[in-house]
$ cat my_file.pdb   # PDB, C-alpha atoms
ATOM      1  CA  MET A   1      23.576 -18.513  18.250
ATOM      2  CA  THR A   2      26.491 -18.703  15.884
ATOM      3  CA  VAL A   3      26.062 -19.107  12.134
ATOM      4  CA  PRO A   4      27.703 -22.263  10.715
ATOM      5  CA  VAL A   5      30.879 -21.585   8.748
ATOM      6  CA  ILE A   6      29.466 -23.158   5.587
ATOM      7  CA  VAL A   7      26.446 -20.819   5.748
ATOM      8  CA  ARG A   8      28.624 -17.786   6.376
ATOM      9  CA  SER A   9      30.686 -18.729   3.342
ATOM     10  CA  ASP A  10      27.555 -18.858   1.126
ATOM     11  CA  LEU A  11      26.212 -15.532   2.407
ATOM     12  CA  GLY A  12      29.455 -13.599   2.091
ATOM     13  CA  ASP A  13      29.055 -10.111   3.552
ATOM     14  CA  GLU A  14      25.271 -10.357   3.934
ATOM     15  CA  GLU A  15      23.767 -10.430   7.399
ATOM     16  CA  VAL A  16      21.267 -13.055   8.543
ATOM     17  CA  GLN A  17      17.879 -11.360   8.960
ATOM     18  CA  THR A  18      15.905 -14.356  10.244
ATOM     19  CA  ARG A  19      16.564 -18.006  11.011
ATOM     20  CA  VAL A  20      13.892 -20.714  11.099
ATOM     21  CA  SER A  21      14.366 -24.099  12.765
ATOM     22  CA  LEU A  22      13.570 -27.035  10.480
ATOM     23  CA  GLY A  23      13.883 -29.685  13.150
ATOM     24  CA  GLY A  24      17.004 -30.999  14.838
ATOM     25  CA  ASP A  25      20.001 -28.875  13.885
ATOM     26  CA  ASP A  26      18.661 -28.057  10.403
ATOM     27  CA  GLU A  27      17.812 -24.385   9.832
ATOM     28  CA  LEU A  28      16.726 -21.855   7.237
ATOM     29  CA  PHE A  29      18.866 -18.691   7.213
ATOM     30  CA  VAL A  30      17.137 -15.704   5.590
ATOM     31  CA  ALA A  31      19.229 -12.864   4.116
ATOM     32  CA  ASP A  32      18.476  -9.915   1.822
ATOM     33  CA  SER A  33      19.211 -11.582  -1.515
ATOM     34  CA  SER A  34      18.706 -15.285  -0.757
ATOM     35  CA  SER A  35      17.813 -17.921   1.812
ATOM     36  CA  ILE A  36      20.134 -20.765   2.811
ATOM     37  CA  VAL A  37      18.769 -24.166   3.873
ATOM     38  CA  TYR A  38      21.348 -25.699   6.209
ATOM     39  CA  ARG A  39      21.479 -29.465   6.715
ATOM     40  CA  ALA A  40      23.487 -30.452   9.787
ATOM     41  CA  GLU A  41      25.935 -33.322   9.782
ATOM     42  CA  GLY A  42      24.408 -36.751  10.422
ATOM     43  CA  LEU A  43      25.624 -40.305  10.863
ATOM     44  CA  LEU A  44      25.647 -40.945   7.122
ATOM     45  CA  THR A  45      25.744 -37.412   5.688
ATOM     46  CA  ASP A  46      27.994 -34.374   5.856
ATOM     47  CA  GLU A  47      26.665 -30.915   6.553
ATOM     48  CA  SER A  48      25.387 -29.168   3.413
ATOM     49  CA  THR A  49      23.525 -26.098   2.196
ATOM     50  CA  GLU A  50      20.941 -25.275  -0.474
ATOM     51  CA  GLU A  51      20.638 -21.690  -1.696
ATOM     52  CA  LEU A  52      17.361 -20.118  -2.798
ATOM     53  CA  THR A  53      17.937 -16.800  -4.562
ATOM     54  CA  TYR A  54      14.971 -14.439  -4.800
ATOM     55  CA  ASP A  55      15.196 -13.435  -8.474
ATOM     56  CA  ALA A  56      12.674 -16.117  -9.452
ATOM     57  CA  ASN A  57       9.597 -15.465 -11.597
ATOM     58  CA  ARG A  58       7.505 -18.294 -10.136
ATOM     59  CA  LEU A  59       7.095 -19.922  -6.713
ATOM     60  CA  THR A  60       5.260 -23.230  -6.296
ATOM     61  CA  VAL A  61       4.445 -25.215  -3.148
ATOM     62  CA  SER A  62       3.660 -28.945  -3.192
ATOM     63  CA  GLU A  63       2.447 -30.290   0.148
ATOM     64  CA  GLY A  64       2.464 -33.898   1.318
ATOM     65  CA  ARG A  65       1.565 -35.545   4.573
ATOM     66  CA  ARG A  66       5.077 -35.277   6.029
ATOM     67  CA  LYS A  67       7.083 -33.147   3.614
ATOM     68  CA  THR A  68       6.576 -29.940   1.640
ATOM     69  CA  SER A  69       8.480 -29.018  -1.482
ATOM     70  CA  LEU A  70       9.145 -25.389  -2.461
ATOM     71  CA  ALA A  71      10.204 -24.813  -6.060
ATOM     72  CA  LEU A  72      11.598 -21.535  -7.392
ATOM     73  CA  GLU A  73      11.667 -21.156 -11.180
ATOM     74  CA  TYR A  74      14.168 -18.800 -12.809
ATOM     75  CA  PRO A  75      14.028 -17.314 -16.310
ATOM     76  CA  LEU A  76      17.455 -18.642 -17.369
ATOM     77  CA  SER A  77      18.805 -21.065 -14.753
ATOM     78  CA  GLY A  78      15.933 -23.538 -14.412
ATOM     79  CA  THR A  79      14.418 -24.545 -11.070
ATOM     80  CA  ALA A  80      15.705 -24.696  -7.484
ATOM     81  CA  GLU A  81      13.790 -26.998  -5.144
ATOM     82  CA  VAL A  82      13.996 -27.564  -1.406
ATOM     83  CA  THR A  83      12.110 -29.968   0.862
ATOM     84  CA  VAL A  84      11.132 -29.086   4.438
ATOM     85  CA  PRO A  85       8.954 -30.728   7.128
ATOM     86  CA  ALA A  86       5.232 -30.162   6.491
ATOM     87  CA  SER A  87       4.851 -28.551   9.920
ATOM     88  CA  LYS A  88       7.362 -25.851   8.900
ATOM     89  CA  THR A  89       5.727 -24.942   5.564
ATOM     90  CA  ASP A  90       4.374 -21.544   6.581
ATOM     91  CA  ASP A  91       7.486 -20.617   8.576
ATOM     92  CA  VAL A  92       9.653 -21.193   5.492
ATOM     93  CA  LEU A  93       7.231 -19.889   2.861
ATOM     94  CA  ARG A  94       6.677 -16.441   4.362
ATOM     95  CA  PRO A  95      10.295 -15.144   4.381
ATOM     96  CA  VAL A  96      11.092 -16.751   1.030
ATOM     97  CA  LEU A  97       7.947 -15.314  -0.583
ATOM     98  CA  ALA A  98       8.647 -11.863   0.900
ATOM     99  CA  GLY A  99      12.151 -11.965  -0.580
ATOM    100  CA  VAL A 100      10.827 -12.953  -4.019
ATOM    101  CA  LEU A 101       8.238 -10.138  -3.961
ATOM    102  CA  ARG A 102      10.878  -7.556  -3.043
ATOM    103  CA  ALA A 103      13.302  -8.807  -5.693
ATOM    104  CA  ASN A 104      10.548  -8.459  -8.329
ATOM    105  CA  ASP A 105       9.560  -4.948  -7.109
ATOM    106  CA  VAL A 106       6.078  -6.132  -6.156
ATOM    107  CA  ILE A 107       6.457  -4.722  -2.635
ATOM    108  CA  ASP A 108       8.739  -2.048  -1.205
ATOM    109  CA  PRO A 109      12.034  -2.933   0.510
ATOM    110  CA  ASP A 110      10.683  -1.893   3.934
ATOM    111  CA  GLU A 111       7.200  -3.372   3.415
ATOM    112  CA  SER A 112       6.145  -6.059   5.892
ATOM    113  CA  LEU A 113       4.309  -9.248   4.952
ATOM    114  CA  ILE A 114       1.427  -9.802   7.390
ATOM    115  CA  GLU A 115      -0.127 -13.092   6.249
ATOM    116  CA  VAL A 116      -0.351 -15.515   3.336
ATOM    117  CA  TYR A 117      -3.686 -17.241   2.620
ATOM    118  CA  ARG A 118      -3.658 -20.240   0.269
ATOM    119  CA  PHE A 119      -7.081 -21.470  -0.891
ATOM    120  CA  SER A 120      -6.697 -24.213  -3.490
ATOM    121  CA  GLU A 121      -5.869 -22.189  -6.632
ATOM    122  CA  LEU A 122      -6.206 -18.775  -4.986
ATOM    123  CA  THR A 123      -3.441 -17.088  -2.996
ATOM    124  CA  LEU A 124      -3.953 -13.831  -1.088
ATOM    125  CA  ILE A 125      -0.887 -12.042   0.248
ATOM    126  CA  LEU A 126      -1.578  -9.305   2.802
ATOM    127  CA  THR A 127       1.119  -6.731   3.547
ATOM    128  CA  ASP A 128       1.035  -3.513   5.524
ATOM    129  CA  ARG A 129       0.452  -1.543   2.284
ATOM    130  CA  ARG A 130      -1.465  -3.698  -0.180
ATOM    131  CA  LEU A 131      -3.412  -6.873  -0.918
ATOM    132  CA  ILE A 132      -1.973  -9.162  -3.613
ATOM    133  CA  GLU A 133      -4.164 -11.709  -5.397
ATOM    134  CA  HIS A 134      -2.874 -14.630  -7.464
ATOM    135  CA  VAL A 135      -5.036 -17.241  -9.191
ATOM    136  CA  GLY A 136      -3.422 -20.502 -10.296
ATOM    137  CA  THR A 137      -1.519 -23.539  -9.042
ATOM    138  CA  ALA A 138       1.542 -21.458  -8.142
ATOM    139  CA  VAL A 139       1.685 -19.409  -4.972
ATOM    140  CA  TRP A 140       3.013 -16.512  -7.020
ATOM    141  CA  ASP A 141       4.083 -15.699 -10.565
ATOM    142  CA  GLU A 142       3.865 -12.686 -12.841
ATOM    143  CA  GLY A 143       0.108 -13.089 -13.384
ATOM    144  CA  TYR A 144      -0.889 -11.401 -10.116
ATOM    145  CA  GLU A 145      -3.078  -8.430  -9.176
ATOM    146  CA  ALA A 146      -2.074  -5.944  -6.464
ATOM    147  CA  TYR A 147      -4.358  -3.407  -4.741
ATOM    148  CA  HIS A 148      -2.521  -0.654  -2.895
ATOM    149  CA  PHE A 149      -4.290   0.735   0.160
ATOM    150  CA  ARG A 150      -3.834   4.331  -0.996
ATOM    151  CA  ASP A 151      -6.220   3.587  -3.897
ATOM    152  CA  VAL A 152      -8.890   1.850  -1.768
ATOM    153  CA  THR A 153     -11.987   4.014  -1.317
ATOM    154  CA  ASN A 154     -14.313   1.456   0.289
ATOM    155  CA  LEU A 155     -14.296  -2.027   1.810
ATOM    156  CA  SER A 156     -17.273  -4.346   2.346
ATOM    157  CA  PHE A 157     -18.009  -8.058   2.685
ATOM    158  CA  GLU A 158     -20.766 -10.195   1.158
ATOM    159  CA  GLU A 159     -21.328 -13.388   3.122
ATOM    160  CA  GLY A 160     -22.489 -16.599   1.460
ATOM    161  CA  ASP A 161     -23.163 -20.189   2.539
ATOM    162  CA  VAL A 162     -19.700 -21.434   1.538
ATOM    163  CA  ALA A 163     -17.597 -18.376   0.759
ATOM    164  CA  THR A 164     -17.385 -14.697   1.645
ATOM    165  CA  ARG A 165     -16.842 -12.062  -1.018
ATOM    166  CA  ILE A 166     -14.366  -9.311  -0.199
ATOM    167  CA  VAL A 167     -15.390  -6.181  -2.111
ATOM    168  CA  LEU A 168     -12.561  -3.683  -2.462
ATOM    169  CA  GLU A 169     -13.406  -0.439  -4.211
ATOM    170  CA  VAL A 170     -10.207   0.680  -5.922
ATOM    171  CA  ASP A 171     -10.456   4.134  -7.504
ATOM    172  CA  GLY A 172     -14.238   3.733  -7.421
ATOM    173  CA  ARG A 173     -14.252   0.331  -9.198
ATOM    174  CA  PRO A 174     -15.285  -2.734  -7.149
ATOM    175  CA  GLN A 175     -12.892  -5.703  -7.076
ATOM    176  CA  ARG A 176     -14.466  -8.911  -5.717
ATOM    177  CA  ILE A 177     -12.386 -11.697  -4.153
ATOM    178  CA  LYS A 178     -13.844 -14.933  -2.772
ATOM    179  CA  ALA A 179     -12.500 -16.529   0.404
ATOM    180  CA  PRO A 180     -13.749 -19.680   2.172
ATOM    181  CA  ASN A 181     -15.877 -18.963   5.220
ATOM    182  CA  ASP A 182     -13.553 -20.857   7.586
ATOM    183  CA  ALA A 183     -10.779 -18.314   6.910
ATOM    184  CA  ALA A 184     -12.931 -15.273   6.091
ATOM    185  CA  ASP A 185     -13.156 -13.948   9.662
ATOM    186  CA  ASP A 186      -9.393 -13.928  10.134
ATOM    187  CA  LEU A 187      -8.850 -12.325   6.728
ATOM    188  CA  ARG A 188     -11.553  -9.729   7.396
ATOM    189  CA  GLU A 189     -10.032  -8.610  10.704
ATOM    190  CA  ARG A 190      -6.447  -8.549   9.457
ATOM    191  CA  LEU A 191      -7.417  -6.613   6.336
ATOM    192  CA  LYS A 192      -9.396  -4.045   8.349
ATOM    193  CA  ARG A 193      -6.557  -3.553  10.805
ATOM    194  CA  ALA A 194      -4.000  -3.236   8.007
ATOM    195  CA  LEU A 195      -6.104  -0.534   6.305
ATOM    196  CA  VAL A 196      -6.614   1.368   9.554
ATOM    197  CA  ALA A 197      -2.906   1.187  10.408
ATOM    198  CA  TYR A 198      -1.943   2.340   6.906
ATOM    199  CA  TYR A 199      -4.148   5.452   7.029
ATOM    200  CA  GLU A 200      -3.043   6.250  10.566
ATOM    201  CA  ARG A 201       0.569   6.177   9.394
ATOM    202  CA  THR A 202       0.107   8.164   6.194
ATOM    203  CA  SER A 203      -2.612  10.654   7.167
ATOM    204  CA  GLU A 204      -2.217  13.739   9.300
ATOM    205  CA  PRO A 205      -4.966  16.094  10.488
ATOM    206  CA  VAL A 206      -5.286  19.262   8.435
ATOM    207  CA  SER A 207      -4.467  22.303  10.553
ATOM    208  CA  GLU A 208      -6.911  25.147  10.067
ATOM    209  CA  GLU A 209      -5.641  28.708   9.835
ATOM    210  CA  PRO A 210      -7.257  31.061  12.370
ATOM    211  CA  ASP A 211      -9.838  33.433  10.944
ATOM    212  CA  PRO A 212      -8.621  37.032  11.502
ATOM    213  CA  LEU A 213     -12.222  38.313  11.372
ATOM    214  CA  GLU A 214     -13.350  35.972  14.164
ATOM    215  CA  GLU A 215     -10.294  36.798  16.273
ATOM    216  CA  SER A 216     -10.903  40.524  15.981
ATOM    217  CA  GLN A 217     -14.598  40.094  16.865
ATOM    218  CA  GLU A 218     -13.672  38.072  19.957
ATOM    219  CA  ARG A 219     -11.392  40.903  21.091
ATOM    220  CA  GLY A 220     -14.141  43.429  20.420
ATOM    221  CA  GLU A 221     -12.182  45.120  17.643
ATOM    222  CA  GLU A 222     -13.354  46.285  14.283
ATOM    223  CA  PRO A 223     -11.943  44.246  11.428
ATOM    224  CA  THR A 224      -9.215  46.136   9.605
ATOM    225  CA  GLU A 225      -9.393  44.034   6.454
ATOM    226  CA  PRO A 226     -12.414  42.822   4.505
ATOM    227  CA  PRO A 227     -13.068  39.073   4.564
ATOM    228  CA  SER A 228     -11.483  36.998   1.800
ATOM    229  CA  ARG A 229     -13.447  36.572  -1.368
ATOM    230  CA  SER A 230     -14.738  33.168  -2.353
ATOM    231  CA  ARG A 231     -13.269  31.188  -5.220
ATOM    232  CA  ARG A 232     -16.376  31.776  -7.308
ATOM    233  CA  ALA A 233     -16.025  35.533  -6.790
ATOM    234  CA  VAL A 234     -12.424  35.392  -7.933
ATOM    235  CA  ARG A 235     -13.448  33.416 -11.006
ATOM    236  CA  SER A 236     -16.118  35.940 -11.944
ATOM    237  CA  GLU A 237     -13.875  38.994 -11.461
ATOM    238  CA  PRO A 238     -12.678  40.417 -14.800
ATOM    239  CA  ALA A 239      -8.962  40.191 -15.467
ATOM    240  CA  ARG A 240      -7.118  43.475 -15.073
ATOM    241  CA  ALA A 241      -5.616  45.006 -18.200
ATOM    242  CA  ASP A 242      -2.223  45.508 -16.540
ATOM    243  CA  GLY A 243      -1.722  41.729 -16.267
ATOM    244  CA  GLN A 244      -1.960  41.664 -12.477
ATOM    245  CA  ARG A 245      -2.196  38.130 -11.054
ATOM    246  CA  ALA A 246      -5.623  36.780 -10.068
ATOM    247  CA  ALA A 247      -5.717  35.259  -6.591
ATOM    248  CA  VAL A 248      -7.287  31.826  -6.416
ATOM    249  CA  GLU A 249      -7.951  30.193  -3.080
ATOM    250  CA  SER A 250      -7.864  26.413  -2.788
ATOM    251  CA  ARG A 251      -8.757  24.041  -0.022
ATOM    252  CA  PRO A 252      -5.549  22.550   1.482
ATOM    253  CA  PRO A 253      -5.266  18.800   0.807
ATOM    254  CA  MET A 254      -4.632  16.236   3.533
ATOM    255  CA  ALA A 255      -0.915  16.334   4.347
ATOM    256  CA  GLY A 256       1.233  13.247   4.060
ATOM    257  CA  THR A 257      -0.776  11.556   1.295
ATOM    258  CA  ALA A 258      -0.160  10.900  -2.377
ATOM    259  CA  ASP A 259      -3.216  13.019  -3.239
ATOM    260  CA  GLY A 260      -1.815  15.880  -1.151
ATOM    261  CA  ALA A 261       1.413  15.758  -3.095
ATOM    262  CA  THR A 262      -0.531  15.724  -6.377
ATOM    263  CA  ALA A 263      -2.619  18.699  -5.274
ATOM    264  CA  ASP A 264       0.524  20.629  -4.307
ATOM    265  CA  ALA A 265       1.972  19.912  -7.745
ATOM    266  CA  THR A 266      -1.269  21.074  -9.372
ATOM    267  CA  GLN A 267      -1.160  24.322  -7.406
ATOM    268  CA  ASN A 268       2.439  24.859  -8.475
ATOM    269  CA  VAL A 269       1.372  24.435 -12.109
ATOM    270  CA  ALA A 270      -1.411  26.965 -11.528
ATOM    271  CA  ARG A 271       0.977  29.514 -10.060
ATOM    272  CA  ALA A 272       3.348  28.975 -12.963
ATOM    273  CA  ALA A 273       0.519  29.527 -15.434
ATOM    274  CA  VAL A 274      -0.378  32.854 -13.814
ATOM    275  CA  ALA A 275       3.256  33.903 -13.665
ATOM    276  CA  ASP A 276       3.587  33.289 -17.414
ATOM    277  CA  SER A 277       0.758  35.720 -18.048
ATOM    278  CA  THR A 278       2.264  38.521 -15.926
ATOM    279  CA  GLY A 279       4.565  39.753 -18.653
ATOM    280  CA  SER A 280       1.901  39.749 -21.361
ATOM    281  CA  ASP A 281       0.388  42.791 -23.026
ATOM    282  CA  GLY A 282      -2.713  42.600 -20.808
ATOM    283  CA  ASP A 283      -4.986  41.433 -23.597
ATOM    284  CA  ASP A 284      -8.415  40.420 -22.236
ATOM    285  CA  ALA A 285      -8.540  37.215 -24.282
ATOM    286  CA  ALA A 286      -5.175  36.027 -22.933
ATOM    287  CA  SER A 287      -6.230  36.822 -19.354
ATOM    288  CA  GLN A 288      -9.470  34.928 -19.796
ATOM    289  CA  GLU A 289      -7.537  31.903 -21.096
ATOM    290  CA  VAL A 290      -5.400  31.929 -17.936
ATOM    291  CA  LEU A 291      -8.532  32.065 -15.763
ATOM    292  CA  ASP A 292     -10.012  29.115 -17.677
ATOM    293  CA  ARG A 293      -6.845  27.116 -17.082
ATOM    294  CA  LEU A 294      -6.932  27.985 -13.388
ATOM    295  CA  GLU A 295     -10.569  26.927 -13.139
ATOM    296  CA  ALA A 296      -9.790  23.537 -14.700
ATOM    297  CA  LEU A 297      -6.902  23.011 -12.312
ATOM    298  CA  GLU A 298      -9.015  24.035  -9.343
ATOM    299  CA  ASP A 299     -11.696  21.515 -10.352
ATOM    300  CA  ALA A 300      -9.019  18.811 -10.350
ATOM    301  CA  ILE A 301      -8.038  19.798  -6.806
ATOM    302  CA  GLU A 302     -11.678  19.637  -5.709
ATOM    303  CA  ARG A 303     -12.009  16.118  -7.158
ATOM    304  CA  GLN A 304      -8.896  15.052  -5.255
ATOM    305  CA  SER A 305     -10.347  16.523  -2.064
ATOM    306  CA  GLU A 306     -13.549  14.531  -2.566
ATOM    307  CA  ARG A 307     -11.496  11.361  -2.982
ATOM    308  CA  LEU A 308      -9.650  12.103   0.266
ATOM    309  CA  GLU A 309     -12.963  12.634   2.056
ATOM    310  CA  ALA A 310     -14.217   9.258   0.789
ATOM    311  CA  GLN A 311     -11.063   7.546   2.060
ATOM    312  CA  GLN A 312     -11.419   9.276   5.413
ATOM    313  CA  GLN A 313     -15.025   8.077   5.722
ATOM    314  CA  THR A 314     -13.896   4.539   4.911
ATOM    315  CA  ILE A 315     -11.205   4.533   7.579
ATOM    316  CA  GLU A 316     -13.565   5.988  10.195
ATOM    317  CA  ARG A 317     -16.113   3.283   9.426
ATOM    318  CA  LEU A 318     -13.472   0.570   9.721
ATOM    319  CA  ILE A 319     -12.345   1.945  13.071
ATOM    320  CA  ASP A 320     -15.964   1.914  14.331
ATOM    321  CA  GLU A 321     -16.399  -1.710  13.181
ATOM    322  CA  LEU A 322     -13.187  -2.768  14.892
ATOM    323  CA  ARG A 323     -14.284  -1.120  18.128
ATOM    324  CA  GLN A 324     -17.670  -2.819  18.003
ATOM    325  CA  GLY A 325     -16.021  -6.197  17.414
ATOM    326  CA  ARG A 326     -13.882  -5.983  20.594
TER
END
$ encode --input "my_file.pdb" --output "C-alpha cells"
Amino acid sequence: MTVPVIVRSDLGDEEVQTRVSLGGDDELFVADSSSIVYRAEGLLTDESTEELTYDANRLTVSEGRRKTSLALEYPLSGTAEVTVPASKTDDVLRPVLAGVLRANDVIDPDESLIEVYRFSELTLILTDRRLIEHVGTAVWDEGYEAYHFRDVTNLSFEEGDVATRIVLEVDGRPQRIKAPNDAADDLRERLKRALVAYYERTSEPVSEEPDPLEESQERGEEPTEPPSRSRRAVRSEPARADGQRAAVESRPPMAGTADGATADATQNVARAAVADSTGSDGDDAASQEVLDRLEALEDAIERQSERLEAQQQTIERLIDELRQGR
C-alpha cells in the first residue's frame, strides 16, 4: 500500500517500519524517530496528521469505553496527545512505547518488545533481553526498574489467592514483582521462554581441549611429557630468582557471554602483571607480590565461573519446566 503524501512529507527520508489500521482509512505509521497518526479525509474534515516524537520522558494512557488517549510529555515542549479507538489501544501503544524506550536508551536499538502488561498502577514491559517494571499511573517514566537477563541467576514463582509473585534473583538478590493471577500464567510462560531464548542466543558450549596423556595411552604409547601441574601446585612453587614467568592455568569461561569477556580481560591483566615482573632484579619479595596478585585475579575468575554455572543451571531448569508444560 502506498503512503499518503502528507505522511511522506512529515517523515522526510525516514522509512515506515510498521503501519497500524485505526479503522476506516485512518492509520498509524511507525518510523524510527516518530509515529504519525493519519486521519483520512471525511465529509466535513480534510486529511490531517498528528506526530508523536519519541524523545518524551513520560507516557500516559487514559482508557474509556470507546476511545483511548495516549499522552506523551516532553521536558521542554509540553504534551502531545492522540486519541484512538479503544479496540486499537494495544496495537498503537506497543510500537510507540518501544520507540520511546529506544530514544531514552532503556532498550537497545535492535531489541524487540515482546509484551506489555498493565495492571492498575503497575506496568511490566517484557523484551527479548530484559524485564522492565514501572509503578505509577503512567505506563512509563524515568522512575522505572530494569532487570537484564544476563544478570538473572534464578527465577521462581510464589502463587497466592489473588496474585502471583515473580521472584527474580538478580546478581544473587531477589526482586519480587506481583502480578494478578488472571495474567500470571501468560506472563510466566513468556518470561521463561524469553530467558531460555536469550541464553540460547548468547551462550555457546565450551570446547574442551584433548588431553595429550589420554590420547597417548589410547594409542598404547608412553607419555613424552609429564601431566600439567594444578593451579595450587603453581601457586605453591617458589618464584625463580631469574624472574622467569610463573604459569597459571585458568578454567576457560563460557564463550559469548559478558562474564566470558570479563574473565578474558582479567587474564590479560594477569599476563600483563607477570610481564612487568620479568625485567625485575629477581627479588623474592617482588616475585611473591606478583604471585599474590595472580592468586587474587584467579579467585575472581573462579567466582565468575561459579556465576556462569548458576545461570546455566537456571536455564536448564527453565527448559525442563517448559518441556513438562507442553
$ atom_distance --input "my_file.pdb" --atom1 "atom CA of A:Ile125" --atom2 "atom CA of A:Tyr198"
15.9 Å
$ atom_distance --input "my_file.pdb" --atom1 "atom CA of A:Gln175" --atom2 "atom CA of A:Asp161"
20.2 Å
$ resolve_selection --input "my_file.pdb" --expression "the PyMOL selection byres ((chain A and resi 133) around 9)" --output "mmCIF file with C-alpha atoms, keeping the file's coordinate frame"
data_model
loop_
_atom_site.group_PDB
_atom_site.id
_atom_site.type_symbol
_atom_site.label_atom_id
_atom_site.label_comp_id
_atom_site.auth_asym_id
_atom_site.auth_seq_id
_atom_site.Cartn_x
_atom_site.Cartn_y
_atom_site.Cartn_z
ATOM 1 C CA LEU A 122 -6.206 -18.775 -4.986
ATOM 2 C CA THR A 123 -3.441 -17.088 -2.996
ATOM 3 C CA LEU A 124 -3.953 -13.831 -1.088
ATOM 4 C CA ILE A 125 -0.887 -12.042 0.248
ATOM 5 C CA LEU A 126 -1.578 -9.305 2.802
ATOM 6 C CA LEU A 131 -3.412 -6.873 -0.918
ATOM 7 C CA ILE A 132 -1.973 -9.162 -3.613
ATOM 8 C CA HIS A 134 -2.874 -14.630 -7.464
ATOM 9 C CA VAL A 135 -5.036 -17.241 -9.191
ATOM 10 C CA TRP A 140 3.013 -16.512 -7.020
ATOM 11 C CA TYR A 144 -0.889 -11.401 -10.116
ATOM 12 C CA GLU A 145 -3.078 -8.430 -9.176
ATOM 13 C CA ALA A 146 -2.074 -5.944 -6.464
ATOM 14 C CA TYR A 147 -4.358 -3.407 -4.741
ATOM 15 C CA ILE A 177 -12.386 -11.697 -4.153
#
$ closest_atom_pairs --input "my_file.pdb" --of "stretch 87-182 of chain A" --to "stretch 22-36 of chain A" --cutoff "9 Å" --atoms "all atoms listed in the file" --output "Markdown table"
| residue | atom | partner | partner_atom | distance |
| --- | --- | --- | --- | --- |
| A:Ser87 | CA | A:Leu22 | CA | 8.9 |
| A:Lys88 | CA | A:Leu22 | CA | 6.5 |
| A:Val92 | CA | A:Leu28 | CA | 7.3 |
| A:Pro95 | CA | A:Val30 | CA | 7.0 |
| A:Val96 | CA | A:Ser35 | CA | 6.9 |
| A:Gly99 | CA | A:Asp32 | CA | 7.1 |
| A:Val100 | CA | A:Ser34 | CA | 8.8 |
| A:Ala103 | CA | A:Ser33 | CA | 7.8 |
$ atom_distance --input "my_file.pdb" --atom1 "atom CA of A:Gln311" --atom2 "atom CA of A:Asp108"
22.2 Å
$ closest_residue --input "my_file.pdb" --among "A:Glu169, A:Asp90, A:Glu81, A:Asp55" --to "A:Asp105" --atoms "only C-alpha atoms"
A:Asp55
$ build_atoms --input "my_file.pdb" --residues "stretch 311-322 of chain A" --atoms "N, CA, C and O atoms" --output "PDB file, keeping the file's coordinate frame"
ATOM      1  N   GLN A 311     -11.994   8.433   1.356  1.00  0.00           N
ATOM      2  CA  GLN A 311     -11.063   7.546   2.060  1.00  0.00           C
ATOM      3  C   GLN A 311     -11.153   7.747   3.562  1.00  0.00           C
ATOM      4  O   GLN A 311     -11.087   6.794   4.330  1.00  0.00           O
ATOM      5  N   GLN A 312     -11.310   9.004   3.984  1.00  0.00           N
ATOM      6  CA  GLN A 312     -11.419   9.276   5.413  1.00  0.00           C
ATOM      7  C   GLN A 312     -12.684   8.641   5.990  1.00  0.00           C
ATOM      8  O   GLN A 312     -12.669   8.083   7.100  1.00  0.00           O
ATOM      9  N   GLN A 313     -13.792   8.706   5.259  1.00  0.00           N
ATOM     10  CA  GLN A 313     -15.025   8.077   5.722  1.00  0.00           C
ATOM     11  C   GLN A 313     -14.858   6.572   5.838  1.00  0.00           C
ATOM     12  O   GLN A 313     -15.342   5.941   6.782  1.00  0.00           O
ATOM     13  N   THR A 314     -14.141   5.981   4.869  1.00  0.00           N
ATOM     14  CA  THR A 314     -13.896   4.539   4.911  1.00  0.00           C
ATOM     15  C   THR A 314     -13.114   4.150   6.150  1.00  0.00           C
ATOM     16  O   THR A 314     -13.457   3.207   6.859  1.00  0.00           O
ATOM     17  N   ILE A 315     -12.044   4.890   6.444  1.00  0.00           N
ATOM     18  CA  ILE A 315     -11.205   4.533   7.579  1.00  0.00           C
ATOM     19  C   ILE A 315     -11.946   4.733   8.888  1.00  0.00           C
ATOM     20  O   ILE A 315     -11.799   3.944   9.833  1.00  0.00           O
ATOM     21  N   GLU A 316     -12.790   5.777   8.974  1.00  0.00           N
ATOM     22  CA  GLU A 316     -13.565   5.988  10.195  1.00  0.00           C
ATOM     23  C   GLU A 316     -14.569   4.860  10.408  1.00  0.00           C
ATOM     24  O   GLU A 316     -14.783   4.398  11.529  1.00  0.00           O
ATOM     25  N   ARG A 317     -15.167   4.386   9.292  1.00  0.00           N
ATOM     26  CA  ARG A 317     -16.113   3.283   9.426  1.00  0.00           C
ATOM     27  C   ARG A 317     -15.412   2.001   9.857  1.00  0.00           C
ATOM     28  O   ARG A 317     -15.920   1.243  10.686  1.00  0.00           O
ATOM     29  N   LEU A 318     -14.228   1.762   9.328  1.00  0.00           N
ATOM     30  CA  LEU A 318     -13.472   0.570   9.721  1.00  0.00           C
ATOM     31  C   LEU A 318     -13.088   0.621  11.191  1.00  0.00           C
ATOM     32  O   LEU A 318     -13.141  -0.390  11.894  1.00  0.00           O
ATOM     33  N   ILE A 319     -12.700   1.810  11.660  1.00  0.00           N
ATOM     34  CA  ILE A 319     -12.345   1.945  13.071  1.00  0.00           C
ATOM     35  C   ILE A 319     -13.554   1.654  13.951  1.00  0.00           C
ATOM     36  O   ILE A 319     -13.455   0.961  14.971  1.00  0.00           O
ATOM     37  N   ASP A 320     -14.740   2.170  13.559  1.00  0.00           N
ATOM     38  CA  ASP A 320     -15.964   1.914  14.331  1.00  0.00           C
ATOM     39  C   ASP A 320     -16.283   0.418  14.365  1.00  0.00           C
ATOM     40  O   ASP A 320     -16.659  -0.135  15.416  1.00  0.00           O
ATOM     41  N   GLU A 321     -16.124  -0.277  13.219  1.00  0.00           N
ATOM     42  CA  GLU A 321     -16.399  -1.710  13.181  1.00  0.00           C
ATOM     43  C   GLU A 321     -15.433  -2.497  14.041  1.00  0.00           C
ATOM     44  O   GLU A 321     -15.813  -3.449  14.731  1.00  0.00           O
ATOM     45  N   LEU A 322     -14.169  -2.082  14.045  1.00  0.00           N
ATOM     46  CA  LEU A 322     -13.187  -2.768  14.892  1.00  0.00           C
ATOM     47  C   LEU A 322     -13.504  -2.577  16.371  1.00  0.00           C
ATOM     48  O   LEU A 322     -13.376  -3.497  17.162  1.00  0.00           O
TER      49      LEU A 322
END
